[in-house]
file entry14.txt (compact mmCIF, C-alpha atoms)
# COMPACT_ATOMS: atom_id res chain seq x y z
CA MET A 748 -20.97 159.85 -11.90
CA SER A 749 -21.27 160.19 -8.15
CA ALA A 750 -18.58 161.82 -6.04
CA SER A 751 -17.59 158.41 -4.69
CA GLU A 752 -17.01 156.90 -8.12
CA LYS A 753 -13.65 157.16 -9.80
CA PRO A 754 -13.25 157.17 -13.58
CA SER A 755 -11.60 154.04 -14.90
CA ALA A 756 -8.25 154.25 -16.65
CA ILE A 757 -7.95 153.54 -20.35
CA VAL A 758 -4.68 151.68 -20.85
CA THR A 759 -3.07 151.52 -24.29
CA ARG A 760 -0.07 149.18 -24.35
CA TRP A 761 2.75 149.80 -26.82
CA TRP A 762 5.12 146.99 -27.76
CA TRP A 763 8.04 148.37 -29.75
CA VAL A 764 10.31 145.96 -31.65
CA ARG A 765 13.53 147.20 -33.22
CA HIS A 766 14.20 145.76 -36.67
CA ALA A 767 16.68 142.91 -37.24
CA PRO A 768 20.34 143.79 -37.91
CA VAL A 769 21.52 145.24 -41.19
CA ARG A 770 24.50 143.40 -42.68
CA ASN A 771 25.02 145.16 -46.01
CA ASP A 772 25.71 148.71 -44.84
CA GLY A 773 29.45 148.43 -45.56
CA GLY A 774 30.23 149.93 -42.15
CA ASN A 775 28.44 153.12 -43.18
CA ILE A 776 25.72 155.24 -41.59
CA TYR A 777 22.41 154.28 -43.20
CA GLY A 778 19.70 156.30 -41.43
CA GLN A 779 16.67 156.29 -43.74
CA SER A 780 18.42 154.35 -46.53
CA ASP A 781 15.99 151.56 -47.40
CA ILE A 782 18.22 148.51 -47.02
CA ALA A 783 17.40 144.95 -46.03
CA CYS A 784 18.01 143.25 -42.69
CA ASP A 785 19.09 139.76 -41.60
CA THR A 786 16.18 137.63 -40.36
CA SER A 787 17.98 134.27 -40.56
CA ASP A 788 18.10 133.51 -36.81
CA SER A 789 14.69 131.89 -36.36
CA GLU A 790 15.20 131.22 -32.64
CA VAL A 791 15.38 134.94 -31.98
CA PHE A 792 12.06 135.56 -33.71
CA TYR A 793 10.47 132.55 -32.03
CA ALA A 794 11.38 134.06 -28.65
CA VAL A 795 10.02 137.48 -29.62
CA ALA A 796 6.82 135.95 -30.99
CA LYS A 797 6.13 134.24 -27.67
CA ILE A 798 5.96 137.46 -25.64
CA LEU A 799 3.96 139.69 -27.98
CA PRO A 800 0.18 140.02 -27.49
CA ARG A 801 -2.02 138.24 -30.02
CA ASP A 802 -4.91 140.71 -30.27
CA ALA A 803 -2.90 143.75 -31.32
CA ILE A 804 -2.82 146.46 -33.95
CA TRP A 805 0.39 146.16 -35.97
CA TYR A 806 2.41 149.14 -37.25
CA ALA A 807 5.76 149.37 -39.00
CA SER A 808 7.73 152.19 -40.54
CA ASN A 809 7.82 152.69 -44.31
CA LEU A 810 11.31 151.11 -44.51
CA LYS A 811 11.48 147.49 -45.62
CA ARG A 812 13.68 146.27 -42.77
CA THR A 813 10.76 146.74 -40.37
CA HIS A 814 8.42 144.82 -42.70
CA GLN A 815 10.95 141.99 -43.00
CA THR A 816 11.23 141.84 -39.21
CA ALA A 817 7.46 141.64 -38.79
CA GLU A 818 7.27 138.86 -41.39
CA ALA A 819 10.00 136.92 -39.55
CA ILE A 820 7.99 137.13 -36.31
CA TRP A 821 4.91 135.77 -38.10
CA ALA A 822 6.97 133.02 -39.72
CA ALA A 823 8.15 132.01 -36.22
CA GLY A 824 4.61 131.12 -35.22
CA PHE A 825 2.90 134.41 -34.39
CA PRO A 826 -0.56 134.51 -36.02
CA LYS A 827 -0.30 136.91 -38.95
CA PRO A 828 -2.52 139.95 -38.40
CA ASP A 829 -5.08 141.11 -40.92
CA ALA A 830 -2.99 144.19 -41.67
CA LEU A 831 0.40 145.78 -41.10
CA ILE A 832 -0.16 149.52 -41.07
CA GLN A 833 2.69 151.47 -42.65
CA GLU A 834 3.53 154.58 -40.61
CA ALA A 835 6.19 156.78 -42.19
CA ALA A 836 6.41 158.82 -38.99
CA PHE A 837 8.11 155.82 -37.34
CA ALA A 838 11.02 155.78 -39.81
CA GLU A 839 14.58 156.26 -38.62
CA GLN A 840 16.06 159.77 -38.46
CA HIS A 841 16.96 161.12 -41.89
CA LEU A 842 20.69 161.75 -41.57
CA GLY A 843 21.03 163.61 -44.85
CA GLU A 844 24.55 163.85 -46.20
CA TRP A 845 25.86 161.73 -43.31
CA GLN A 846 24.14 158.69 -44.80
CA GLY A 847 26.73 156.64 -46.66
CA MET A 848 29.64 158.04 -44.63
CA ASN A 849 31.93 155.59 -42.84
CA ARG A 850 30.53 155.24 -39.33
CA ALA A 851 33.87 154.88 -37.50
CA ALA A 852 35.41 157.88 -39.28
CA PHE A 853 32.34 159.99 -38.60
CA ILE A 854 32.31 159.17 -34.89
CA ALA A 855 36.04 159.90 -34.65
CA SER A 856 35.26 163.41 -35.93
CA ARG A 857 32.63 164.09 -33.24
CA PRO A 858 33.01 164.88 -29.51
CA PRO A 859 33.65 161.68 -27.51
CA GLY A 860 30.96 160.05 -25.41
CA ALA A 861 27.96 161.24 -27.41
CA HIS A 862 24.72 159.27 -27.12
CA TRP A 863 23.74 160.05 -30.71
CA PHE A 864 25.11 161.36 -33.98
CA ALA A 865 24.67 164.99 -32.92
CA ASP A 866 22.97 167.20 -30.35
CA ILE A 867 19.20 166.79 -30.48
CA GLY A 868 18.66 170.14 -32.21
CA GLU A 869 21.44 169.75 -34.80
CA PRO A 870 20.28 168.57 -38.22
CA PRO A 871 22.78 167.05 -40.66
CA PRO A 872 23.06 168.79 -44.02
CA GLY A 873 20.01 167.83 -46.04
CA GLY A 874 18.46 165.88 -43.16
CA GLU A 875 16.56 166.27 -39.90
CA SER A 876 17.58 166.66 -36.27
CA PHE A 877 16.76 164.17 -33.55
CA LEU A 878 14.26 166.73 -32.26
CA ASP A 879 12.55 166.63 -35.67
CA LEU A 880 12.42 162.84 -35.36
CA TYR A 881 11.04 163.12 -31.83
CA ASN A 882 8.26 165.46 -32.93
CA ARG A 883 7.07 163.27 -35.80
CA VAL A 884 7.23 160.03 -33.77
CA THR A 885 5.40 161.48 -30.77
CA GLY A 886 2.79 163.13 -32.97
CA ALA A 887 1.97 159.73 -34.48
CA ILE A 888 1.89 158.11 -31.03
CA ASP A 889 -0.61 160.70 -29.79
CA ARG A 890 -2.82 160.09 -32.82
CA ILE A 891 -2.69 156.30 -32.49
CA ASN A 892 -3.44 156.54 -28.76
CA ARG A 893 -6.67 158.31 -29.68
CA GLU A 894 -7.54 155.97 -32.56
CA HIS A 895 -6.81 152.71 -30.70
CA ALA A 896 -7.33 153.64 -27.06
CA GLY A 897 -7.35 150.61 -24.80
CA ARG A 898 -5.69 148.30 -27.33
CA ASP A 899 -2.32 146.61 -27.64
CA VAL A 900 -0.17 148.25 -30.33
CA ILE A 901 2.87 146.48 -31.78
CA ALA A 902 5.19 148.91 -33.58
CA VAL A 903 8.23 147.64 -35.49
CA GLY A 904 10.61 150.55 -35.64
CA HIS A 905 14.20 151.74 -35.41
CA GLY A 906 16.73 152.61 -32.75
CA GLY A 907 16.06 156.32 -33.18
CA SER A 908 12.28 156.13 -33.29
CA ILE A 909 12.13 153.94 -30.17
CA LYS A 910 14.50 156.29 -28.31
CA ALA A 911 12.20 159.16 -29.31
CA ALA A 912 9.22 157.28 -27.87
CA LEU A 913 11.21 156.74 -24.66
CA GLY A 914 11.75 160.48 -24.41
CA LEU A 915 8.00 161.00 -24.56
CA ALA A 916 7.35 158.40 -21.86
CA LEU A 917 10.00 159.99 -19.64
CA GLY A 918 8.11 163.25 -19.42
CA GLY A 919 8.53 164.70 -22.89
CA LEU A 920 12.32 164.98 -22.62
CA PRO A 921 13.78 163.71 -25.91
CA GLU A 922 17.38 163.75 -24.71
CA LYS A 923 16.54 161.26 -21.94
CA GLY A 924 15.58 158.59 -24.47
CA LEU A 925 19.05 158.73 -26.00
CA ALA A 926 20.60 157.27 -22.84
CA PHE A 927 19.07 153.84 -23.55
CA ASP A 928 20.45 151.01 -25.66
CA ILE A 929 17.91 149.54 -28.07
CA ASP A 930 19.21 146.28 -29.53
CA ASN A 931 18.05 144.63 -32.73
CA CYS A 932 14.84 142.62 -32.29
CA SER A 933 14.51 143.77 -28.67
CA VAL A 934 11.09 144.52 -27.20
CA THR A 935 10.32 147.73 -25.33
CA ARG A 936 6.91 148.23 -23.73
CA PHE A 937 5.18 151.49 -22.83
CA ASP A 938 1.79 151.66 -21.13
CA HIS A 939 -0.26 154.82 -21.65
CA PHE A 940 -2.84 155.48 -18.91
CA GLU A 941 -5.59 157.99 -19.57
CA VAL A 942 -8.03 159.00 -16.86
CA GLY A 943 -10.30 161.87 -17.80
CA ASP A 944 -8.08 164.71 -18.98
CA ARG A 945 -4.97 163.30 -17.31
CA SER A 946 -2.53 160.87 -18.89
CA VAL A 947 0.67 159.20 -17.71
CA TRP A 948 3.16 156.68 -19.09
CA ARG A 949 4.70 153.64 -17.44
CA LEU A 950 7.67 151.61 -18.68
CA PRO A 951 7.28 147.92 -17.77
CA MET A 952 10.31 146.89 -19.84
CA VAL A 953 13.00 148.40 -22.05
CA ASN A 954 15.33 146.61 -24.48
CA GLN A 955 14.17 143.13 -23.45
CA GLN A 956 15.81 140.29 -25.39
CA PRO A 957 13.93 137.04 -24.69
CA TRP A 958 16.55 134.97 -26.53
CA ILE A 959 19.48 136.35 -24.50
CA ALA A 960 20.15 133.17 -22.49
CA ASP A 961 21.89 131.65 -25.50
CA ALA A 962 25.22 133.37 -26.20
CA SER A 963 25.13 132.21 -29.82
CA HIS A 964 22.68 135.02 -30.56
CA ARG A 965 25.01 137.88 -29.67
CA ALA A 966 25.39 138.53 -33.38
CA MET A 967 21.87 139.96 -33.42
CA HIS A 968 23.22 143.14 -31.81
CA GLN A 969 24.13 146.18 -33.88
CA PRO A 970 24.82 149.75 -32.85
CA ALA A 971 21.56 151.58 -32.10
CA GLY A 972 23.25 154.96 -32.18
CA PRO A 973 26.62 156.44 -33.07
CA GLU A 974 28.75 153.82 -31.32
CA VAL A 975 31.11 151.70 -33.41
CA ALA A 976 31.28 147.92 -33.08
CA THR A 977 34.59 146.68 -31.72
CA SER A 978 34.23 143.07 -32.88
CA LYS A 979 32.29 141.27 -35.55
CA HIS A 980 29.75 140.10 -32.95
CA ALA A 981 29.32 143.43 -31.13

call {"tool": "encode", "arguments": {"input": "entry14.txt", "output": "structure tokens"}}
result
Amino acid sequence: MSASEKPSAIVTRWWWVRHAPVRNDGGNIYGQSDIACDTSDSEVFYAVAKILPRDAIWYASNLKRTHQTAEAIWAAGFPKPDALIQEAAFAEQHLGEWQGMNRAAFIASRPPGAHWFADIGEPPPGGESFLDLYNRVTGAIDRINREHAGRDVIAVGHGGSIKAALGLALGGLPEKGLAFDIDNCSVTRFDHFEVGDRSVWRLPMVNQQPWIADASHRAMHQPAGPEVATSKHA
């Protein structure tokens, strides 16, 4: 390469989709509990299907609510891919003994105004900290960036795993990702640019909800962190 030539950037585009809302949690913290989600609102999935890239590698966590969400997108008209790769590293944070506890009562016992269930380095009994979640999510992202450099990657994940990915894109600061809302079925896009031995991230969109113009779909929102819903549609 001559001195006047510049190396071209390899751009890997990540399209994160949070799973559809869970209705059968009984108001409890569910974390890594493998419970189903509600994919009944076809208009929501039709809107999501329209904005996702067709020639993409598909990933989902090992929890069935992400698989159900992917299947709902395909049923809405998105061409079904040859494979949905199961990536356990993209699962929600394991909240240990907090899983199954009443969410409102738990939050009332914690300091007010928290972005998450606990400080990033604090693991629940029998579980993992948000920092543990961050490390496993970002490790998988780094690996997939190498394996599928220059491709579109669609990853169906969870509020916690997407917030962890945001922390990576914001300079490797996991606590920064916790400041974002990630709604059910929303799309968040990260672009990874690699030029030689240098790499950077860009964030074209976060928590985009292409169905949002119709107020009837507000029920697709669920808490993406420790917050407690104040109405049945919140």

call {"tool": "closest_residue", "arguments": {"input": "entry14.txt", "among": "A:Ala783, A:Ile757, A:Ala830, A:Val953", "to": "Asp930 of chain A", "atoms": "all atoms listed in the file"}}
result
A:Val953

call {"tool": "closest_residue", "arguments": {"input": "entry14.txt", "among": "A:Gly778, A:Gly904, A:Gly897, A:Gly874", "to": "Ala835 of chain A", "atoms": "all atoms listed in the file"}}
result
A:Gly904

call {"tool": "residues_near_point", "arguments": {"input": "entry14.txt", "point": "(29.3, 160.2, -47.7)", "cutoff": "12 Å", "atoms": "only C-alpha atoms", "output": "list in words"}}
result
Gly773, Gly774, Asn775, Ile776, Tyr777, Leu842, Gly843, Glu844, Trp845, Gln846, Gly847, Met848, Asn849, Arg850, Ala852, Phe853, Pro871 and Pro872 of chain A

call {"tool": "closest_residue", "arguments": {"input": "entry14.txt", "among": "A:Arg857, A:Arg945, A:Lys827, A:His968", "to": "Ile929 of chain A", "atoms": "all atoms listed in the file"}}
result
A:His968

call {"tool": "closest_residue", "arguments": {"input": "entry14.txt", "among": "A:Trp761, A:Leu920, A:Gln969, A:Ile804", "to": "Leu950 of chain A", "atoms": "only C-alpha atoms"}}
result
A:Trp761

call {"tool": "residues_around", "arguments": {"input": "entry14.txt", "residues": "segment 913-917 of chain A", "least_positions_apart": "6", "cutoff": "9 Å", "atoms": "only C-alpha atoms", "output": "list in words"}}
result
Tyr881, Thr885, Lys923, Gly924, Leu925, Phe927, Phe937, Asp938, His939, Val947, Trp948, Arg949, Leu950 and Val953 of chain A

call {"tool": "atom_distance", "arguments": {"input": "entry14.txt", "atom1": "atom CA of Pro957 of chain A", "atom2": "atom CA of Ala823 of chain A"}}
result
13.8 Å

call {"tool": "closest_residue", "arguments": {"input": "entry14.txt", "among": "A:Val903, A:Ala896, A:Leu810, A:Ile909", "to": "Phe940 of chain A", "atoms": "all atoms listed in the file"}}
result
A:Ala896

call {"tool": "atom_distance", "arguments": {"input": "entry14.txt", "atom1": "atom CA of His862 of chain A", "atom2": "atom CA of Ser933 of chain A"}}
result
18.6 Å

call {"tool": "closest_residue", "arguments": {"input": "entry14.txt", "among": "A:Thr759, A:Gln779, A:Asn771, A:Gln956", "to": "His895 of chain A", "atoms": "only C-alpha atoms"}}
result
A:Thr759

call {"tool": "atom_distance", "arguments": {"input": "entry14.txt", "atom1": "atom CA of Glu875 of chain A", "atom2": "atom CA of Glu839 of chain A"}}
result
10.3 Å

call {"tool": "residues_around", "arguments": {"input": "entry14.txt", "residues": "Ile782 of chain A", "least_positions_apart": "2", "cutoff": "7 Å", "atoms": "all atoms listed in the file", "output": "PDB file with C-alpha atoms, in the coordinates of the input"}}
result
ATOM      1  CA  SER A 780      18.420 154.350 -46.530  1.00  0.00           C
ATOM      2  CA  CYS A 784      18.010 143.250 -42.690  1.00  0.00           C
ATOM      3  CA  LYS A 811      11.480 147.490 -45.620  1.00  0.00           C
ATOM      4  CA  ARG A 812      13.680 146.270 -42.770  1.00  0.00           C
TER       5      ARG A 812
END
